[in-house]
Every structure is written in structure tokens, then in C-alpha cells.
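Peer 1: This is the content of my_file-v4.txt (compact mmCIF, C-alpha atoms):
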# COMPACT_ATOMS: atom_id res chain seq x y z
CA MET A 279 -33.66 -21.68 15.11
CA LEU A 280 -33.33 -25.44 15.56
CA ALA A 281 -34.50 -26.04 12.00
CA ASP A 282 -31.62 -23.87 10.76
CA ALA A 283 -28.95 -25.45 12.97
CA ALA A 284 -27.48 -27.80 10.35
CA ALA A 285 -27.28 -25.07 7.68
CA VAL A 286 -25.70 -22.61 10.14
CA ARG A 287 -23.15 -25.24 11.16
CA GLU A 288 -22.34 -25.98 7.52
CA LEU A 289 -21.95 -22.28 6.66
CA PHE A 290 -19.69 -21.70 9.67
CA ILE A 291 -17.41 -24.60 8.70
CA GLN A 292 -17.37 -23.68 5.01
CA VAL A 293 -16.47 -20.02 5.53
CA ASN A 294 -13.79 -20.73 8.11
CA ARG A 295 -12.13 -23.35 5.95
CA LEU A 296 -12.11 -20.89 3.05
CA LEU A 297 -10.55 -18.21 5.26
CA ALA A 298 -7.74 -20.48 6.47
CA PRO A 299 -4.33 -19.68 5.00
CA ALA A 300 -2.50 -22.92 4.18
CA HIS A 301 0.02 -22.50 7.01
CA LEU A 302 -2.82 -22.14 9.54
CA ALA A 303 -5.11 -24.92 8.27
CA GLU A 304 -4.53 -27.09 11.33
CA ALA A 305 -5.11 -24.16 13.70
CA PHE A 306 -8.35 -23.33 11.88
CA GLU A 307 -9.57 -26.92 12.27
CA GLY A 308 -8.97 -26.64 16.01
CA TYR A 309 -10.77 -23.29 16.10
CA ILE A 310 -13.73 -24.75 14.17
CA THR A 311 -13.95 -27.74 16.52
CA ARG A 312 -13.81 -25.54 19.62
CA SER A 313 -16.33 -23.02 18.25
CA LEU A 314 -18.77 -25.77 17.28
CA ALA A 315 -18.65 -27.28 20.76
CA GLU A 316 -18.75 -24.03 22.72
CA GLU A 317 -21.10 -21.97 20.56
CA ILE A 318 -22.37 -23.03 17.13
CA ASP A 319 -23.81 -26.40 18.18
CA ARG A 320 -25.64 -24.71 21.08
CA LEU A 321 -26.69 -21.38 19.56
CA ALA A 322 -29.98 -20.94 21.43
CA ASP A 323 -28.40 -21.50 24.85
CA TYR A 324 -25.20 -19.61 24.02
CA TYR A 325 -26.93 -16.41 22.90
CA SER A 326 -29.75 -16.64 25.45
CA ASP A 327 -27.16 -16.88 28.24
CA ARG A 328 -25.61 -13.67 26.90
CA SER A 329 -28.86 -11.66 26.53
CA GLY A 330 -28.53 -11.79 22.77
CA GLY A 331 -29.90 -13.48 19.70
CA PHE A 332 -28.91 -15.17 16.47
CA TRP A 333 -30.35 -14.54 12.99
CA VAL A 334 -30.03 -15.95 9.49
CA ALA A 335 -30.46 -14.35 6.08
CA VAL A 336 -32.51 -16.47 3.69
CA ASP A 337 -32.77 -16.33 -0.09
CA ASP A 338 -34.96 -18.85 -1.97
CA ASP A 339 -35.29 -21.00 1.16
CA GLU A 340 -31.51 -21.21 1.51
CA ILE A 341 -29.49 -19.71 4.36
CA VAL A 342 -27.07 -17.27 2.76
CA GLY A 343 -25.91 -15.38 5.84
CA MET A 344 -25.88 -15.37 9.62
CA PHE A 345 -24.91 -13.31 12.63
CA GLY A 346 -25.31 -13.15 16.38
CA LEU A 347 -25.49 -10.41 18.98
CA GLU A 348 -24.48 -10.76 22.59
CA ALA A 349 -24.56 -8.22 25.39
CA SER A 350 -21.22 -6.62 26.22
CA GLY A 351 -21.98 -4.26 29.05
CA GLU A 352 -25.16 -2.39 29.94
CA GLN A 353 -25.21 -0.15 26.87
CA ALA A 354 -23.46 -2.26 24.23
CA MET A 355 -23.76 -5.41 22.19
CA GLU A 356 -21.13 -7.37 20.31
CA LEU A 357 -21.66 -8.52 16.73
CA ARG A 358 -20.57 -12.13 16.30
CA ARG A 359 -20.39 -14.74 13.57
CA MET A 360 -21.39 -12.51 10.66
CA TYR A 361 -20.80 -14.64 7.59
CA VAL A 362 -22.19 -14.65 4.06
CA ALA A 363 -22.14 -17.79 1.93
CA PRO A 364 -19.45 -17.54 -0.76
CA GLY A 365 -21.97 -17.91 -3.60
CA ALA A 366 -24.13 -15.10 -2.20
CA ARG A 367 -21.48 -12.43 -1.75
CA ARG A 368 -21.45 -9.02 -3.42
CA ARG A 369 -25.24 -8.73 -3.21
CA GLY A 370 -25.50 -6.44 -0.18
CA ILE A 371 -26.41 -9.20 2.27
CA ALA A 372 -23.71 -8.27 4.78
CA ARG A 373 -24.74 -4.59 4.67
CA LYS A 374 -28.36 -5.56 5.28
CA MET A 375 -27.44 -7.86 8.17
CA LEU A 376 -25.27 -5.13 9.71
CA ALA A 377 -28.11 -2.59 9.41
CA PHE A 378 -30.51 -5.08 11.01
CA ALA A 379 -28.02 -5.70 13.84
CA GLU A 380 -27.72 -1.97 14.47
CA GLU A 381 -31.49 -1.59 14.52
CA GLU A 382 -31.82 -4.53 16.90
CA CYS A 383 -29.34 -2.85 19.25
CA ARG A 384 -31.39 0.36 19.15
CA ARG A 385 -34.56 -1.62 19.81
CA ARG A 386 -32.88 -3.11 22.88
CA ASN A 387 -31.68 0.35 23.96
CA ARG A 388 -28.05 -0.69 23.50
CA LEU A 389 -26.56 2.29 21.73
CA GLN A 390 -23.14 0.92 20.94
CA LEU A 391 -22.24 -1.98 18.68
CA GLN A 392 -18.83 -3.58 19.08
CA LEU A 393 -17.15 -6.17 16.88
CA SER A 394 -13.82 -7.61 15.96
CA THR A 395 -12.40 -9.19 12.85
CA SER A 396 -9.02 -10.30 11.61
CA GLU A 397 -6.51 -9.20 9.03
CA ILE A 398 -7.45 -12.14 6.79
CA GLN A 399 -11.00 -10.81 6.42
CA GLN A 400 -10.30 -7.81 4.20
CA ASP A 401 -13.88 -7.54 2.88
CA ALA A 402 -15.19 -7.41 6.46
CA LEU A 403 -12.66 -4.72 7.39
CA ALA A 404 -13.79 -2.62 4.42
CA LEU A 405 -17.48 -3.14 5.26
CA TYR A 406 -17.10 -2.00 8.87
CA ARG A 407 -14.94 1.00 8.01
CA ASN A 408 -17.38 2.08 5.28
CA ALA A 409 -20.31 1.69 7.72
CA GLY A 410 -18.79 4.18 10.16
CA TYR A 411 -17.15 1.84 12.65
CA GLU A 412 -14.14 3.22 14.50
CA ASN A 413 -11.07 1.01 14.95
CA VAL A 414 -10.50 1.32 18.71
CA ARG A 415 -7.65 -1.17 19.08
CA GLU A 416 -5.58 -3.81 17.38
CA GLU A 417 -3.91 -6.84 18.86
CA ILE A 418 -1.98 -9.89 17.88
CA ALA A 419 -4.16 -12.75 19.09
CA ASP A 420 -1.91 -15.45 20.50
CA ALA A 421 -4.37 -17.44 22.62
CA ALA A 422 -7.19 -19.35 20.93
CA SER A 423 -10.81 -19.17 22.11
CA ASN A 424 -14.25 -19.49 20.56
CA LYS A 425 -13.83 -15.80 19.59
CA THR A 426 -10.40 -15.94 18.01
CA LEU A 427 -8.11 -18.39 16.28
CA GLY A 428 -5.01 -17.12 18.04
CA GLY A 429 -1.99 -18.11 15.97
CA GLY A 430 -0.51 -14.61 15.86
CA ILE A 431 -3.20 -13.17 13.59
CA ARG A 432 -3.84 -9.42 13.90
CA ARG A 433 -7.33 -8.62 15.17
CA TYR A 434 -9.10 -5.30 14.79
CA HIS A 435 -11.67 -4.16 17.33
CA PHE A 436 -14.32 -1.72 16.16
CA THR A 437 -17.13 0.21 17.79
CA LYS A 438 -19.95 2.45 16.62
CA ARG A 439 -22.32 4.70 18.55
CA LEU A 440 -25.85 4.12 17.28
For the file at hand, write its structure as C-alpha cells.

Peer 2:
Amino acid sequence: MLADAAAVRELFIQVNRLLAPAHLAEAFEGYITRSLAEEIDRLADYYSDRSGGFWVAVDDDEIVGMFGLEASGEQAMELRRMYVAPGARRRGIARKMLAFAEEECRRRNRLQLQLSTSEIQQDALALYRNAGYENVREEIADAASNKTLGGGIRRYHFTKRL
């Protein structure tokens, strides 16, 4: 994982800057900085502390995708940081990573996968809905954390029994 750290960091920054609407650019920069410090720049410790793991998708020796899983209760895991590089999209990478994440949950005897995403990630919303995830709640995220930008963006929380 350490060998991939720089590429994961770069992908995280790139995707989040691309997601940022112009009026939230400054908020996104704060979110990126916080997430790097609290999570991305310490992936091994972060996910180990949460009984999880972190994986990358590789194509021609280049990292084209990434995601993490962390425990969220005795029977569930939470999908985190699932991103695909802009130049590698529309090739089924996200679907393959999601299927791998589901299988990893089953392997760990965690039979529920939870996740959240925001209204600005329309492709992600479509992916999760098409993969059988149930929207269990929505919220307007006001407070920022390493899991959400805040800024009044609508977040959707999904779950799926595996």
C-alpha cells in the first residue's frame, strides 16, 4: 500500500477538485486538506484502526481506481473513497470495485454494505441505485468532516443486504 500512496493521494485530489462546483471551490480545498491529514495520508493506520482495508484498481501499471472499507457495526461495513480516474471512466471499473467490495464484506461475514454520496456525484448515485442499493436517508450536510464537505450539500445514504 505504501508504494501506491502518492498515486492514491493524487487521484483523491484530482477527483475532488473536478467535483467542486465553482461556488464551493474553497470549501472543497478545506475538505481535501482535512481528508488528507485525517485519512488519505495515513491509509494503512486509518483503515486498520477501523477493521477495514483499502484497495486500488490498476490498469497498465497505473492506478485507475480506489476504495476503502471500514467496519460500521458488527454486521456491516461502509464503502469509502470509491473513485475512478477521469480518463478511465465508462469502462466498468466502478462496477468491478463495487462487486469486489461486496465480496470482501461477505468474506468477512459482514452482510450489509453501507455508503453515502452527494448530489454532485450523479454517476455514483446511478451506479448504487442500479446495483440494488436502497436509499435509507437523505440529509443536508452542514458540518464538514473527513466524510463530508458540509456546505449544505445533499447527501444520500444507501445500504444493501449481501

Peer 1: Which residue is closest to Ile371 (chain A)? Choose from A:Val414, A:Leu314, A:Ala285, A:Val336 and count all atoms listed in the file.

Peer 2: A:Val336

Peer 1: Could you check how far CA of Leu376 (chain A) sits from CA of Gly331 (chain A), in Å to one decimal?

Peer 2: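 Here the two named atoms are 13.8 Å from each other.
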
Peer 1: Please determine the residues with any atom at most 9 Å from (-20.9, 1.0, 23.9) (coordinates as given in the file, with only C-alpha atoms counting) and report them as a list in words.

Peer 2: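 Protein, DNA and RNA residues close to (-20.9, 1.0, 23.9): Ser350, Gly351, Glu352, Gln353, Ala354, Met355, Arg388, Leu389, Gln390, Leu391, Gln392, Thr437, Lys438, Arg439 and Leu440 of chain A.
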
Peer 1: Write out as a list of chain:residue names each polymer residue whose atoms come within 12 Å of Asp319 (chain A), counting all atoms listed in the file; drop sequence neighbours fewer than 2 positions from it.

Peer 2: A:Met279, A:Leu280, A:Asp282, A:Ala283, A:Ala284, A:Ala285, A:Val286, A:Arg287, A:Glu288, A:Phe290, A:Ile291, A:Ile310, A:Thr311, A:Arg312, A:Ser313, A:Leu314, A:Ala315, A:Glu316, A:Glu317, A:Leu321, A:Ala322, A:Asp323, A:Tyr324, A:Tyr325

Peer 1: Figure out the distance between CA of Ile431 (chain A) and CA of Glu307 (chain A), please, to one decimal in Å.

Peer 2: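 Calculated distance between CA of Glu307 (chain A) and CA of Ile431 (chain A) is 15.2 Å.
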
Peer 1: Could you tell me how far CA of Thr395 (chain A) sits from CA of Ala349 (chain A), in Å to one decimal place?

Peer 2: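 These atoms are spaced 17.5 Å apart.
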
Peer 1: Using all atoms listed in the file, which of the listed residues (A:Tyr361, A:Tyr406, A:Phe332, A:Tyr411) sits closest to Val293 (chain A)?

Peer 2: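 Answer, going by the shortest atom-to-atom distance: A:Tyr361.
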
Peer 1: Pick from A:Ala298, A:Ile398, A:Ala379, A:Leu289: nearest to Glu356 (chain A), with all atoms listed in the file counted?

Peer 2: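 For Glu356 (chain A), the nearest of the candidates is A:Ala379.
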
Peer 1: For each of A:Ile341, A:Met360, A:Glu412, A:Ser326, take the minimum atom-to-atom distance to Gln399 (chain A), counting all atoms listed in the file, then give the residue where this is smallest.

Peer 2: A:Met360

Peer 1: Provide an axis-aligned box for all listed atoms of region 400-409 of chain A, padding each side by 6 Å; report its centre and its edge lengths in Å to one decimal, as AutoDock Vina command-line options.

Peer 2:
--center_x -15.3 --center_y -2.9 --center_z 5.9 --size_x 22.0 --size_y 21.9 --size_z 18.0

Peer 1: Find the residues around Arg373 (chain A) up to 10 Å (all atoms listed in the file counted), leave out those fewer than 4 positions away in its own chain, and share them as JSON, numbers by chain.

Peer 2: {"A": [368, 369, 377, 378, 379, 405, 406, 408, 409]}

Peer 1: Those residues with C-alpha atoms, as a tab-separated table (two decimals), keeping the file's coordinate frame please?

Peer 2:
chain	number	residue	atom	x	y	z
A	368	ARG	CA	-21.45	-9.02	-3.42
A	369	ARG	CA	-25.24	-8.73	-3.21
A	377	ALA	CA	-28.11	-2.59	9.41
A	378	PHE	CA	-30.51	-5.08	11.01
A	379	ALA	CA	-28.02	-5.70	13.84
A	405	LEU	CA	-17.48	-3.14	5.26
A	406	TYR	CA	-17.10	-2.00	8.87
A	408	ASN	CA	-17.38	2.08	5.28
A	409	ALA	CA	-20.31	1.69	7.72

Peer 1: Select, from A:Ala363, A:Leu393, A:Arg320, A:Glu417, the residue with the minimum atom-to-atom distance to Leu296 (chain A), counting all atoms listed in the file.

Peer 2: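 Using all atoms listed in the file, Leu296 (chain A) sits closest to A:Ala363.
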
Peer 1: From the set A:Arg415, A:Arg407, A:Arg328, A:His301, which residue has the shortest atom-to-atom contact distance to Arg358 (chain A), counting all atoms listed in the file?

Peer 2: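 Among the listed residues, A:Arg328 lies closest to Arg358 (chain A).
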